[in-house]
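Printed here is input37.cif (mmCIF, C-alpha atoms):
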data_target
#
loop_
_atom_site.label_atom_id
_atom_site.label_comp_id
_atom_site.auth_asym_id
_atom_site.auth_seq_id
_atom_site.Cartn_x
_atom_site.Cartn_y
_atom_site.Cartn_z
CA MET A 1 -61.24 -50.49 -63.63
CA ASN A 2 -59.04 -51.89 -60.88
CA ARG A 3 -57.88 -50.44 -57.57
CA LEU A 4 -54.26 -50.54 -56.38
CA ILE A 5 -53.96 -49.82 -52.66
CA ILE A 6 -50.46 -48.82 -51.55
CA LEU A 7 -49.81 -49.57 -47.88
CA GLY A 8 -46.91 -47.94 -46.04
CA ASN A 9 -45.71 -47.86 -42.46
CA GLY A 10 -48.49 -45.44 -41.51
CA PHE A 11 -50.92 -48.33 -42.00
CA ASP A 12 -49.16 -50.26 -39.24
CA LEU A 13 -48.92 -47.17 -37.05
CA ALA A 14 -52.67 -46.64 -37.44
CA HIS A 15 -53.09 -50.04 -35.77
CA GLY A 16 -50.99 -48.99 -32.81
CA LEU A 17 -47.93 -50.97 -33.88
CA LYS A 18 -44.55 -49.45 -33.00
CA THR A 19 -42.90 -50.25 -36.32
CA SER A 20 -41.37 -46.97 -37.48
CA TYR A 21 -37.61 -46.49 -37.73
CA SER A 22 -37.85 -43.99 -34.88
CA ASP A 23 -39.64 -46.58 -32.71
CA PHE A 24 -36.88 -49.06 -33.51
CA ILE A 25 -34.04 -46.66 -32.62
CA LEU A 26 -35.85 -45.59 -29.45
CA ASP A 27 -36.32 -49.21 -28.34
CA TYR A 28 -32.65 -50.03 -28.92
CA PHE A 29 -31.44 -47.13 -26.79
CA GLN A 30 -34.19 -47.54 -24.22
CA LYS A 31 -33.11 -51.11 -23.47
CA SER A 32 -29.47 -50.05 -23.39
CA LEU A 33 -30.13 -47.21 -20.94
CA ASP A 34 -32.36 -49.35 -18.74
CA LYS A 35 -29.38 -51.62 -18.09
CA PHE A 36 -27.06 -48.63 -17.49
CA GLU A 37 -24.40 -50.60 -19.35
CA HIS A 38 -24.50 -51.97 -22.87
CA ASP A 39 -21.90 -53.42 -25.21
CA ASP A 40 -22.53 -54.99 -28.63
CA ASP A 41 -21.22 -54.73 -32.22
CA LEU A 42 -22.91 -51.34 -32.71
CA MET A 43 -21.92 -49.39 -29.64
CA LYS A 44 -20.73 -49.42 -26.07
CA LEU A 45 -22.79 -47.37 -23.60
CA GLU A 46 -22.24 -46.67 -19.94
CA VAL A 47 -24.30 -44.57 -17.53
CA GLY A 48 -22.29 -43.24 -14.61
CA VAL A 49 -25.20 -42.03 -12.50
CA ASN A 50 -28.35 -43.66 -11.16
CA ALA A 51 -30.91 -41.57 -13.09
CA ASN A 52 -34.43 -42.95 -12.94
CA GLU A 53 -35.44 -40.54 -15.71
CA LEU A 54 -33.50 -42.72 -18.12
CA LYS A 55 -35.87 -45.64 -17.61
CA GLY A 56 -39.00 -46.15 -19.68
CA ILE A 57 -38.45 -43.35 -22.17
CA GLN A 58 -41.51 -43.09 -24.41
CA SER A 59 -40.41 -40.84 -27.27
CA LEU A 60 -37.38 -40.29 -29.42
CA LYS A 61 -37.53 -36.57 -28.67
CA ARG A 62 -37.36 -37.30 -24.93
CA LEU A 63 -34.50 -39.75 -25.45
CA LEU A 64 -32.44 -37.19 -27.35
CA PHE A 65 -33.11 -34.58 -24.66
CA LEU A 66 -31.96 -36.89 -21.87
CA LEU A 67 -28.87 -38.03 -23.77
CA ASN A 68 -27.89 -34.39 -24.02
CA ASP A 69 -28.99 -33.51 -20.48
CA TYR A 70 -26.93 -36.36 -18.99
CA LYS A 71 -24.01 -36.16 -21.41
CA LYS A 72 -21.60 -35.71 -18.49
CA TYR A 73 -22.66 -39.10 -17.16
CA ILE A 74 -23.40 -41.07 -20.34
CA THR A 75 -20.52 -42.43 -22.39
CA ILE A 76 -21.31 -43.72 -25.88
CA ALA A 77 -18.64 -45.18 -28.14
CA TYR A 78 -20.07 -46.10 -31.55
CA SER A 79 -18.55 -49.03 -33.40
CA ASN A 80 -21.22 -48.64 -36.07
CA LYS A 81 -20.67 -45.13 -37.42
CA PHE A 82 -23.86 -45.33 -39.45
CA LEU A 83 -25.82 -45.64 -36.22
CA GLU A 84 -23.98 -42.58 -34.91
CA THR A 85 -25.06 -40.67 -38.03
CA LEU A 86 -28.67 -41.76 -37.51
CA MET A 87 -28.61 -40.40 -33.98
CA THR A 88 -27.04 -37.13 -35.14
CA ARG A 89 -29.74 -36.68 -37.79
CA ALA A 90 -32.45 -37.64 -35.30
CA ALA A 91 -31.19 -34.94 -32.95
CA LEU A 92 -31.92 -32.41 -35.69
CA THR A 93 -35.31 -33.73 -36.81
CA ASN A 94 -36.60 -36.00 -33.99
CA TRP A 95 -37.12 -38.79 -36.53
CA VAL A 96 -34.99 -41.00 -38.74
CA ASP A 97 -35.26 -42.33 -42.29
CA ILE A 98 -32.63 -45.03 -42.44
CA GLU A 99 -32.81 -45.76 -46.17
CA ASN A 100 -32.55 -42.15 -47.32
CA ILE A 101 -29.71 -41.41 -44.90
CA TYR A 102 -27.89 -44.50 -46.15
CA TYR A 103 -28.09 -43.33 -49.76
CA SER A 104 -26.96 -39.82 -48.89
CA LEU A 105 -23.84 -41.33 -47.30
CA LEU A 106 -23.27 -43.68 -50.23
CA ARG A 107 -23.44 -40.74 -52.65
CA LYS A 108 -20.61 -39.01 -50.79
CA HIS A 109 -18.30 -41.85 -51.82
CA ILE A 110 -19.13 -41.58 -55.53
CA PRO A 111 -16.42 -39.64 -57.42
CA THR A 112 -17.98 -36.75 -59.36
CA THR A 113 -15.35 -37.30 -62.07
CA GLY A 114 -16.40 -40.93 -62.58
CA LYS A 115 -12.84 -42.10 -62.01
CA GLU A 116 -12.89 -45.51 -60.38
CA GLU A 117 -9.53 -45.07 -58.67
CA LEU A 118 -11.00 -42.24 -56.57
CA LEU A 119 -13.62 -44.53 -55.04
CA ASP A 120 -12.96 -45.45 -51.41
CA GLU A 121 -13.93 -49.13 -51.70
CA GLU A 122 -13.26 -49.89 -48.05
CA ALA A 123 -15.49 -47.04 -46.87
CA VAL A 124 -18.33 -48.27 -49.09
CA LYS A 125 -17.96 -51.82 -47.78
CA THR A 126 -17.94 -50.56 -44.18
CA LEU A 127 -21.10 -48.53 -44.79
CA ASN A 128 -22.85 -51.54 -46.34
CA ASP A 129 -21.78 -53.82 -43.49
CA GLU A 130 -23.06 -51.31 -40.96
CA LEU A 131 -26.42 -51.07 -42.74
CA GLU A 132 -26.69 -54.87 -42.62
CA GLN A 133 -26.09 -54.79 -38.88
CA ILE A 134 -28.93 -52.29 -38.52
CA ARG A 135 -31.18 -54.38 -40.77
CA GLU A 136 -30.68 -57.54 -38.70
CA LEU A 137 -31.39 -55.63 -35.51
CA LEU A 138 -34.49 -54.11 -37.11
CA LYS A 139 -35.71 -57.53 -38.21
CA THR A 140 -35.49 -58.85 -34.64
CA TYR A 141 -37.25 -55.75 -33.31
CA LEU A 142 -40.11 -55.98 -35.81
CA ILE A 143 -40.74 -59.65 -35.07
CA ASP A 144 -41.31 -58.71 -31.42
CA SER A 145 -43.19 -55.45 -32.12
CA SER A 146 -45.64 -56.41 -34.86
CA LYS A 147 -47.78 -58.91 -32.98
CA PRO A 148 -51.44 -58.19 -33.77
CA ASP A 149 -54.19 -57.24 -31.38
CA VAL A 150 -56.96 -58.46 -33.65
CA GLY A 151 -59.56 -58.22 -30.91
CA GLY A 152 -58.76 -54.56 -30.37
CA TRP A 153 -58.77 -53.90 -34.10
CA ARG A 154 -62.36 -54.91 -34.86
CA LEU A 155 -63.75 -51.41 -35.33
CA LEU A 156 -60.61 -50.33 -37.17
CA ILE A 157 -60.87 -53.31 -39.51
CA ALA A 158 -64.48 -52.40 -40.27
CA ASP A 159 -63.45 -48.80 -41.06
CA PHE A 160 -60.68 -49.90 -43.39
CA LYS A 161 -62.97 -52.44 -45.06
CA SER A 162 -65.36 -49.63 -45.97
CA ILE A 163 -62.44 -47.83 -47.66
CA PHE A 164 -61.22 -50.91 -49.51
CA ASP A 165 -64.76 -51.52 -50.85
CA GLN A 166 -65.60 -47.94 -51.81
CA GLU A 167 -67.42 -47.33 -55.05
CA PHE A 168 -65.65 -45.20 -57.63
CA ASN A 169 -66.38 -41.51 -57.29
CA LYS A 170 -66.93 -39.74 -60.61
CA ASN A 171 -65.41 -36.56 -59.16
CA GLU A 172 -62.09 -38.32 -58.53
CA ILE A 173 -61.48 -39.46 -62.10
CA HIS A 174 -61.44 -37.35 -65.23
CA ALA A 175 -64.89 -37.42 -66.82
CA ASP A 176 -63.95 -39.19 -70.05
CA LEU A 177 -62.03 -41.82 -68.10
CA HIS A 178 -64.65 -42.62 -65.50
CA PRO A 179 -65.44 -46.34 -65.42
CA THR A 180 -68.94 -47.65 -66.07
CA CYS A 181 -68.62 -50.05 -63.11
CA LYS A 182 -69.29 -48.84 -59.58
CA LYS A 183 -66.90 -51.19 -57.78
CA PRO A 184 -63.36 -52.22 -58.76
CA ALA A 185 -63.09 -55.26 -60.98
CA ASN A 186 -60.04 -56.25 -58.90
CA THR A 187 -58.43 -54.82 -55.78
CA TYR A 188 -54.70 -55.26 -55.27
CA PHE A 189 -52.65 -54.39 -52.20
CA LEU A 190 -49.06 -53.26 -52.69
CA ASN A 191 -47.68 -53.76 -49.19
CA PHE A 192 -44.41 -51.97 -48.42
CA ASN A 193 -44.44 -53.20 -44.82
CA TYR A 194 -42.56 -56.25 -43.59
CA THR A 195 -45.50 -57.12 -41.36
CA ALA A 196 -48.66 -59.08 -42.19
CA THR A 197 -51.11 -56.55 -40.74
CA ILE A 198 -53.23 -56.49 -43.90
CA LYS A 199 -54.00 -60.22 -43.76
CA TYR A 200 -55.83 -59.83 -40.44
CA HIS A 201 -58.39 -57.63 -42.19
CA PHE A 202 -59.60 -60.68 -44.07
CA GLN A 203 -59.07 -63.33 -41.39
CA GLU A 204 -62.79 -63.74 -40.65
CA THR A 205 -64.03 -63.54 -44.24
CA ASP A 206 -64.00 -65.83 -47.25
CA GLU A 207 -62.13 -63.22 -49.27
CA ARG A 208 -58.55 -63.82 -50.30
CA PRO A 209 -56.88 -60.44 -50.77
CA ASP A 210 -54.38 -60.12 -53.59
CA VAL A 211 -51.36 -58.81 -51.68
CA ILE A 212 -47.96 -58.10 -53.17
CA ASN A 213 -45.49 -57.97 -50.27
CA ILE A 214 -43.01 -55.99 -52.32
CA HIS A 215 -40.48 -55.51 -49.49
CA GLY A 216 -40.64 -59.08 -48.29
CA GLN A 217 -42.01 -60.48 -45.04
CA LEU A 218 -40.71 -61.30 -41.61
CA ASN A 219 -39.88 -64.97 -41.03
CA ASP A 220 -40.15 -65.84 -44.72
CA ASP A 221 -36.95 -67.10 -46.34
CA LYS A 222 -38.67 -67.24 -49.73
CA ASN A 223 -39.58 -63.55 -49.51
CA PRO A 224 -36.77 -61.92 -47.47
CA MET A 225 -36.67 -58.32 -46.33
CA VAL A 226 -35.79 -55.78 -49.01
CA PHE A 227 -33.89 -52.99 -47.32
CA GLY A 228 -31.91 -50.24 -49.01
CA PHE A 229 -32.59 -47.61 -51.65
CA GLY A 230 -34.55 -47.63 -54.90
CA ASP A 231 -34.06 -44.37 -56.78
CA GLU A 232 -32.40 -45.26 -60.07
CA LEU A 233 -33.60 -41.96 -61.54
CA ASP A 234 -31.18 -40.04 -59.31
CA ASP A 235 -28.25 -38.35 -61.08
CA ALA A 236 -25.72 -40.07 -58.83
CA TYR A 237 -27.02 -43.50 -59.80
CA ALA A 238 -25.73 -43.08 -63.35
CA ARG A 239 -22.27 -42.42 -61.89
CA ILE A 240 -22.59 -45.55 -59.75
CA GLU A 241 -23.33 -47.65 -62.83
CA ARG A 242 -20.25 -46.33 -64.64
CA LEU A 243 -18.00 -47.56 -61.83
CA ASN A 244 -16.93 -51.18 -62.01
CA GLN A 245 -17.72 -51.89 -58.36
CA ASN A 246 -20.58 -54.25 -57.52
CA GLU A 247 -20.25 -53.39 -53.83
CA LEU A 248 -22.07 -50.14 -54.66
CA PHE A 249 -25.15 -52.17 -55.65
CA ARG A 250 -25.34 -54.29 -52.50
CA HIS A 251 -28.24 -52.35 -51.00
CA ILE A 252 -29.89 -51.05 -54.17
CA LYS A 253 -33.40 -52.46 -54.08
CA SER A 254 -33.68 -53.44 -57.73
CA PHE A 255 -31.22 -56.28 -57.27
CA ALA A 256 -33.19 -57.60 -54.31
CA TYR A 257 -36.40 -57.47 -56.35
CA PHE A 258 -34.88 -59.89 -58.86
CA GLN A 259 -34.81 -62.58 -56.17
CA THR A 260 -38.62 -62.93 -55.95
CA PRO A 261 -41.54 -62.66 -58.44
CA ASN A 262 -43.10 -59.74 -56.54
CA TYR A 263 -41.96 -56.96 -58.85
CA GLN A 264 -43.09 -58.85 -61.94
CA ARG A 265 -46.49 -59.35 -60.33
CA LEU A 266 -46.72 -55.60 -59.77
CA LEU A 267 -45.80 -54.87 -63.40
CA ARG A 268 -48.55 -57.22 -64.59
CA VAL A 269 -51.08 -55.41 -62.40
CA VAL A 270 -50.01 -51.98 -63.66
CA ASP A 271 -50.03 -53.12 -67.29
CA SER A 272 -53.29 -55.10 -67.11
CA GLY A 273 -55.67 -52.17 -67.46
CA PRO A 274 -56.94 -48.89 -65.95
CA PHE A 275 -56.66 -48.48 -62.18
CA GLN A 276 -57.06 -45.98 -59.36
CA VAL A 277 -54.38 -45.71 -56.68
CA TYR A 278 -55.20 -45.42 -52.98
CA ILE A 279 -52.31 -44.31 -50.76
CA ILE A 280 -52.66 -45.36 -47.14
CA GLY A 281 -49.79 -44.67 -44.76
CA HIS A 282 -47.04 -44.38 -47.39
CA SER A 283 -44.91 -41.22 -47.45
CA CYS A 284 -44.05 -41.70 -51.15
CA GLY A 285 -40.44 -40.78 -50.41
CA LEU A 286 -37.52 -41.17 -52.78
CA SER A 287 -36.35 -44.53 -51.45
CA ASP A 288 -38.98 -46.16 -53.72
CA ARG A 289 -38.87 -43.62 -56.54
CA THR A 290 -38.28 -45.94 -59.50
CA MET A 291 -41.24 -48.15 -58.62
CA LEU A 292 -43.62 -45.33 -57.78
CA ASN A 293 -42.69 -43.46 -60.96
CA TYR A 294 -43.65 -46.53 -63.00
CA ILE A 295 -47.01 -46.76 -61.23
CA PHE A 296 -47.95 -43.09 -61.20
CA GLU A 297 -46.88 -42.21 -64.74
CA SER A 298 -48.45 -45.31 -66.27
CA ASP A 299 -51.16 -44.46 -68.78
CA ASN A 300 -53.32 -46.95 -66.89
CA CYS A 301 -53.08 -44.91 -63.67
CA LYS A 302 -56.17 -42.69 -63.84
CA SER A 303 -56.31 -41.28 -60.31
CA ILE A 304 -54.30 -41.05 -57.06
CA LYS A 305 -56.26 -40.72 -53.83
CA ILE A 306 -54.42 -39.91 -50.59
CA PHE A 307 -55.78 -40.88 -47.19
CA HIS A 308 -54.27 -38.37 -44.75
CA HIS A 309 -53.69 -39.39 -41.14
CA LYS A 310 -54.10 -36.05 -39.38
CA ASP A 311 -54.79 -32.92 -41.34
CA LYS A 312 -54.31 -30.98 -44.54
CA GLY A 313 -50.62 -30.49 -43.70
CA HIS A 314 -49.94 -34.21 -44.02
CA PHE A 315 -51.87 -34.31 -47.30
CA VAL A 316 -49.82 -31.42 -48.72
CA THR A 317 -46.54 -33.04 -47.68
CA THR A 318 -47.53 -36.28 -49.41
CA THR A 319 -48.43 -34.45 -52.63
CA GLN A 320 -45.02 -32.77 -52.54
CA GLU A 321 -43.35 -36.16 -52.24
CA ILE A 322 -45.50 -37.59 -55.05
CA SER A 323 -44.51 -34.71 -57.34
CA ARG A 324 -40.91 -35.92 -57.25
CA HIS A 325 -42.01 -39.15 -58.94
CA PHE A 326 -43.52 -37.37 -61.94
CA ARG A 327 -41.63 -36.07 -64.94
CA ASP A 328 -44.95 -35.05 -66.50
CA LYS A 329 -46.32 -32.45 -64.07
CA ALA A 330 -49.50 -31.92 -66.08
CA SER A 331 -50.26 -35.61 -65.67
CA MET A 332 -49.63 -35.31 -61.94
CA ARG A 333 -52.08 -32.44 -61.57
CA SER A 334 -54.78 -34.34 -63.44
CA LYS A 335 -54.36 -37.51 -61.35
CA ILE A 336 -54.10 -36.39 -57.71
CA VAL A 337 -57.49 -36.21 -56.02
CA PRO A 338 -57.89 -32.86 -54.19
CA PHE A 339 -57.92 -32.72 -50.41
CA ASP A 340 -61.11 -33.87 -48.73
CA LYS A 341 -61.29 -34.00 -44.94
CA GLN A 342 -63.45 -37.11 -45.28
CA ASN A 343 -60.50 -39.03 -46.72
CA ARG A 344 -58.91 -39.57 -43.34
CA CYS A 345 -57.02 -42.73 -42.53
CA PRO A 346 -58.73 -44.69 -39.73
CA GLN A 347 -56.51 -45.04 -36.67
CA ILE A 348 -56.57 -46.22 -33.09
CA THR A 349 -54.91 -43.06 -31.75
CA ASP A 350 -53.78 -39.68 -33.05
CA ASP A 351 -50.19 -40.27 -31.96
CA PHE A 352 -48.62 -41.07 -35.31
#

Render the structure in this file as structure tokens.
Amino acid sequence: MNRLIILGNGFDLAHGLKTSYSDFILDYFQKSLDKFEHDDDLMKLEVGVNANELKGIQSLKRLLFLLNDYKKYITIAYSNKFLETLMTRAALTNWVDIENIYYSLLRKHIPTTGKEELLDEEAVKTLNDELEQIRELLKTYLIDSSKPDVGGWRLLIADFKSIFDQEFNKNEIHADLHPTCKKPANTYFLNFNYTATIKYHFQETDERPDVINIHGQLNDDKNPMVFGFGDELDDAYARIERLNQNELFRHIKSFAYFQTPNYQRLLRVVDSGPFQVYIIGHSCGLSDRTMLNYIFESDNCKSIKIFHHKDKGHFVTTTQEISRHFRDKASMRSKIVPFDKQNRCPQITDDF
């Protein structure tokens, strides 16, 4: 039996990297406010009062509070309306999920009648252009924010290594499916991050991890960033396909996956034989639904083990997200490993 380890942004956050969408948005506004005047293709910002509180903001929640508290003195004119929507949503939730918000806006432009003449083509193009602006800004931010502190990660690397190398637990896999081997025949990493954090876990060993960087990598033209939405099981997607407008597909992930062999590599892993899934730092949200559905509902997927980063609440939330990827709910209940406080994701701090 093999092991497929799914790595999401929480894996980076566990290493102390500020790579979440909220970190990115915070950094963008923090630098703008520190200058008291900012003007680029996304927005124009001016601060009409010398407020030291606006410098060095450390959390998105604090940023949103100060923007409201100083609204008489802060003028923001958004050229990128998508960014304005992100900030509005963040004000309600204190976090942002760029890909899901993008798709929710795209859906609003899809005629429920399926009539092509009712599609606002210009609005769709504007939305796509604005998402590309955000993506390029995010790429620059991540290059600066994902530099490793390998020396400070030594204990963390050891903790993760013990997880990667775990023996199979007979209580986690249905009795008649339990493998005779103790250790995985092969371990694969499905990395949803743009960063190369996982490679530093093997830097001082002779092992060569089998990593599928499914969303691309920073500074790699042969494996560019995949950024958009990937739920082709959604009802609105069928309406999108019926419209003769390729602009609607510009940020649908499937078409980006065709540009590299990564997705085909994943399919070969899933189809090669029985495997257990480890989920480390991935929310299992709908932006990757098509892919995760294929993995989870595969007959070869025998077990799904979640490594929670804080408490039972995070575990429960992840199971709720996973349930949306299953059509066969009985299969879901047989595959998800029950909560165990020992299955905690190693982390440098408890902040994420």

Listing only residues of range 125-193 of chain A within 8 Å of range 206-216 of chain A, what is the closest atom pair and its distance in Å (to one decimal) for each, using all atoms listed in the file, sorted by chain and residue number ascending, as a tab-separated table?
residue	atom	partner	partner_atom	distance
A:Thr187	CA	A:Asp210	CA	7.0
A:Tyr188	CA	A:Asp210	CA	5.2
A:Phe189	CA	A:Val211	CA	4.6
A:Leu190	CA	A:Ile212	CA	5.0
A:Asn191	CA	A:Asn213	CA	4.9
A:Phe192	CA	A:His215	CA	5.4
A:Asn193	CA	A:His215	CA	6.5

- Take CA of His282 in chain A and CA of Thr318 in chain A and report the distance between them in Å, one decimal. 8.4 Å

- Message: Going by the chain IDs and residue numbers used in this file, which residues fall under the PyMOL selection byres ((chain A and resi 250) around 12)? Write them as a PyMOL selection string.
- Response: chain A and resi 102-103+106+124-129+131-132+226-230+240+245-249+251-256

Next, write the just-selected residues to a file, as a PDB file, keeping the file's coordinate frame, keeping C-alpha atoms as the atom set.
ATOM      1  CA  TYR A 102     -27.890 -44.500 -46.150  1.00  0.00           C
ATOM      2  CA  TYR A 103     -28.090 -43.330 -49.760  1.00  0.00           C
ATOM      3  CA  LEU A 106     -23.270 -43.680 -50.230  1.00  0.00           C
ATOM      4  CA  VAL A 124     -18.330 -48.270 -49.090  1.00  0.00           C
ATOM      5  CA  LYS A 125     -17.960 -51.820 -47.780  1.00  0.00           C
ATOM      6  CA  THR A 126     -17.940 -50.560 -44.180  1.00  0.00           C
ATOM      7  CA  LEU A 127     -21.100 -48.530 -44.790  1.00  0.00           C
ATOM      8  CA  ASN A 128     -22.850 -51.540 -46.340  1.00  0.00           C
ATOM      9  CA  ASP A 129     -21.780 -53.820 -43.490  1.00  0.00           C
ATOM     10  CA  LEU A 131     -26.420 -51.070 -42.740  1.00  0.00           C
ATOM     11  CA  GLU A 132     -26.690 -54.870 -42.620  1.00  0.00           C
ATOM     12  CA  VAL A 226     -35.790 -55.780 -49.010  1.00  0.00           C
ATOM     13  CA  PHE A 227     -33.890 -52.990 -47.320  1.00  0.00           C
ATOM     14  CA  GLY A 228     -31.910 -50.240 -49.010  1.00  0.00           C
ATOM     15  CA  PHE A 229     -32.590 -47.610 -51.650  1.00  0.00           C
ATOM     16  CA  GLY A 230     -34.550 -47.630 -54.900  1.00  0.00           C
ATOM     17  CA  ILE A 240     -22.590 -45.550 -59.750  1.00  0.00           C
ATOM     18  CA  GLN A 245     -17.720 -51.890 -58.360  1.00  0.00           C
ATOM     19  CA  ASN A 246     -20.580 -54.250 -57.520  1.00  0.00           C
ATOM     20  CA  GLU A 247     -20.250 -53.390 -53.830  1.00  0.00           C
ATOM     21  CA  LEU A 248     -22.070 -50.140 -54.660  1.00  0.00           C
ATOM     22  CA  PHE A 249     -25.150 -52.170 -55.650  1.00  0.00           C
ATOM     23  CA  HIS A 251     -28.240 -52.350 -51.000  1.00  0.00           C
ATOM     24  CA  ILE A 252     -29.890 -51.050 -54.170  1.00  0.00           C
ATOM     25  CA  LYS A 253     -33.400 -52.460 -54.080  1.00  0.00           C
ATOM     26  CA  SER A 254     -33.680 -53.440 -57.730  1.00  0.00           C
ATOM     27  CA  PHE A 255     -31.220 -56.280 -57.270  1.00  0.00           C
ATOM     28  CA  ALA A 256     -33.190 -57.600 -54.310  1.00  0.00           C
TER      29      ALA A 256
END

- Item | Shell of 6 Å around range 22-39 of chain A, all atoms listed in the file, local chain residues under 5 positions omitted, as a ChimeraX atom specification | /A:44-47,55,60,95-96

- Item | Residues matched by the PyMOL selection byres ((chain A and resi 194) around 12), written as number ranges by chain | A: 7-9, 11-12, 19-20, 135, 138-143, 145-146, 190-193, 195-198, 212-220, 223-227

Take the residues from that selection and put them in a file with C-alpha atoms, as a PDB file, in the coordinates of the input.
ATOM      1  CA  LEU A   7     -49.810 -49.570 -47.880  1.00  0.00           C
ATOM      2  CA  GLY A   8     -46.910 -47.940 -46.040  1.00  0.00           C
ATOM      3  CA  ASN A   9     -45.710 -47.860 -42.460  1.00  0.00           C
ATOM      4  CA  PHE A  11     -50.920 -48.330 -42.000  1.00  0.00           C
ATOM      5  CA  ASP A  12     -49.160 -50.260 -39.240  1.00  0.00           C
ATOM      6  CA  THR A  19     -42.900 -50.250 -36.320  1.00  0.00           C
ATOM      7  CA  SER A  20     -41.370 -46.970 -37.480  1.00  0.00           C
ATOM      8  CA  ARG A 135     -31.180 -54.380 -40.770  1.00  0.00           C
ATOM      9  CA  LEU A 138     -34.490 -54.110 -37.110  1.00  0.00           C
ATOM     10  CA  LYS A 139     -35.710 -57.530 -38.210  1.00  0.00           C
ATOM     11  CA  THR A 140     -35.490 -58.850 -34.640  1.00  0.00           C
ATOM     12  CA  TYR A 141     -37.250 -55.750 -33.310  1.00  0.00           C
ATOM     13  CA  LEU A 142     -40.110 -55.980 -35.810  1.00  0.00           C
ATOM     14  CA  ILE A 143     -40.740 -59.650 -35.070  1.00  0.00           C
ATOM     15  CA  SER A 145     -43.190 -55.450 -32.120  1.00  0.00           C
ATOM     16  CA  SER A 146     -45.640 -56.410 -34.860  1.00  0.00           C
ATOM     17  CA  LEU A 190     -49.060 -53.260 -52.690  1.00  0.00           C
ATOM     18  CA  ASN A 191     -47.680 -53.760 -49.190  1.00  0.00           C
ATOM     19  CA  PHE A 192     -44.410 -51.970 -48.420  1.00  0.00           C
ATOM     20  CA  ASN A 193     -44.440 -53.200 -44.820  1.00  0.00           C
ATOM     21  CA  THR A 195     -45.500 -57.120 -41.360  1.00  0.00           C
ATOM     22  CA  ALA A 196     -48.660 -59.080 -42.190  1.00  0.00           C
ATOM     23  CA  THR A 197     -51.110 -56.550 -40.740  1.00  0.00           C
ATOM     24  CA  ILE A 198     -53.230 -56.490 -43.900  1.00  0.00           C
ATOM     25  CA  ILE A 212     -47.960 -58.100 -53.170  1.00  0.00           C
ATOM     26  CA  ASN A 213     -45.490 -57.970 -50.270  1.00  0.00           C
ATOM     27  CA  ILE A 214     -43.010 -55.990 -52.320  1.00  0.00           C
ATOM     28  CA  HIS A 215     -40.480 -55.510 -49.490  1.00  0.00           C
ATOM     29  CA  GLY A 216     -40.640 -59.080 -48.290  1.00  0.00           C
ATOM     30  CA  GLN A 217     -42.010 -60.480 -45.040  1.00  0.00           C
ATOM     31  CA  LEU A 218     -40.710 -61.300 -41.610  1.00  0.00           C
ATOM     32  CA  ASN A 219     -39.880 -64.970 -41.030  1.00  0.00           C
ATOM     33  CA  ASP A 220     -40.150 -65.840 -44.720  1.00  0.00           C
ATOM     34  CA  ASN A 223     -39.580 -63.550 -49.510  1.00  0.00           C
ATOM     35  CA  PRO A 224     -36.770 -61.920 -47.470  1.00  0.00           C
ATOM     36  CA  MET A 225     -36.670 -58.320 -46.330  1.00  0.00           C
ATOM     37  CA  VAL A 226     -35.790 -55.780 -49.010  1.00  0.00           C
ATOM     38  CA  PHE A 227     -33.890 -52.990 -47.320  1.00  0.00           C
TER      39      PHE A 227
END

- Have a look at A:Ile110, A:Ile173, A:Ile279, A:Leu86 and name the one nearest to Ala236 in chain A; count only C-alpha atoms. A:Ile110

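Here the question is which of A:Gln347, A:Lys170, A:Gly151, A:Arg324 gets nearest to Lys182 in chain A using only C-alpha atoms, and that residue is A:Lys170.
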
- Atom pair CA of Asp40 in chain A / CA of Glu136 in chain A: separation (Å): 13.2 Å

- One-decimal distance in Å that lies between CA of Thr260 in chain A and CA of Lys305 in chain A: 28.4 Å

- Task: Find the residues around Arg154 in chain A up to 12 Å (all atoms listed in the file counted), leave out those fewer than 4 positions away in its own chain, and share them as an MDAnalysis selection string.
- Result: chainID A and resid 15 148:150 158:161 200:204 346:348

Written-out range 62-85 of chain A (C-alpha atoms) as an mmCIF file, in the first residue's frame:
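Final file, out21.cif:
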data_model
loop_
_atom_site.group_PDB
_atom_site.id
_atom_site.type_symbol
_atom_site.label_atom_id
_atom_site.label_comp_id
_atom_site.auth_asym_id
_atom_site.auth_seq_id
_atom_site.Cartn_x
_atom_site.Cartn_y
_atom_site.Cartn_z
ATOM 1 C CA ARG A 62 -6.262 45.024 13.241
ATOM 2 C CA LEU A 63 -5.883 46.454 9.740
ATOM 3 C CA LEU A 64 -9.619 46.331 9.110
ATOM 4 C CA PHE A 65 -10.298 47.973 12.480
ATOM 5 C CA LEU A 66 -7.910 50.843 11.774
ATOM 6 C CA LEU A 67 -9.215 51.373 8.242
ATOM 7 C CA ASN A 68 -12.647 51.821 9.761
ATOM 8 C CA ASP A 69 -11.412 53.822 12.762
ATOM 9 C CA TYR A 70 -9.541 56.279 10.514
ATOM 10 C CA LYS A 71 -12.030 56.305 7.646
ATOM 11 C CA LYS A 72 -12.361 60.092 7.939
ATOM 12 C CA TYR A 73 -8.662 60.426 7.171
ATOM 13 C CA ILE A 74 -8.022 57.511 4.795
ATOM 14 C CA THR A 75 -9.119 57.786 1.182
ATOM 15 C CA ILE A 76 -9.111 54.602 -0.900
ATOM 16 C CA ALA A 77 -10.113 54.580 -4.559
ATOM 17 C CA TYR A 78 -10.071 51.048 -5.980
ATOM 18 C CA SER A 79 -9.204 50.602 -9.637
ATOM 19 C CA ASN A 80 -9.323 46.844 -9.130
ATOM 20 C CA LYS A 81 -12.886 46.168 -7.990
ATOM 21 C CA PHE A 82 -12.033 42.560 -7.214
ATOM 22 C CA LEU A 83 -9.579 43.773 -4.582
ATOM 23 C CA GLU A 84 -12.345 45.968 -3.154
ATOM 24 C CA THR A 85 -14.580 42.889 -2.899
#
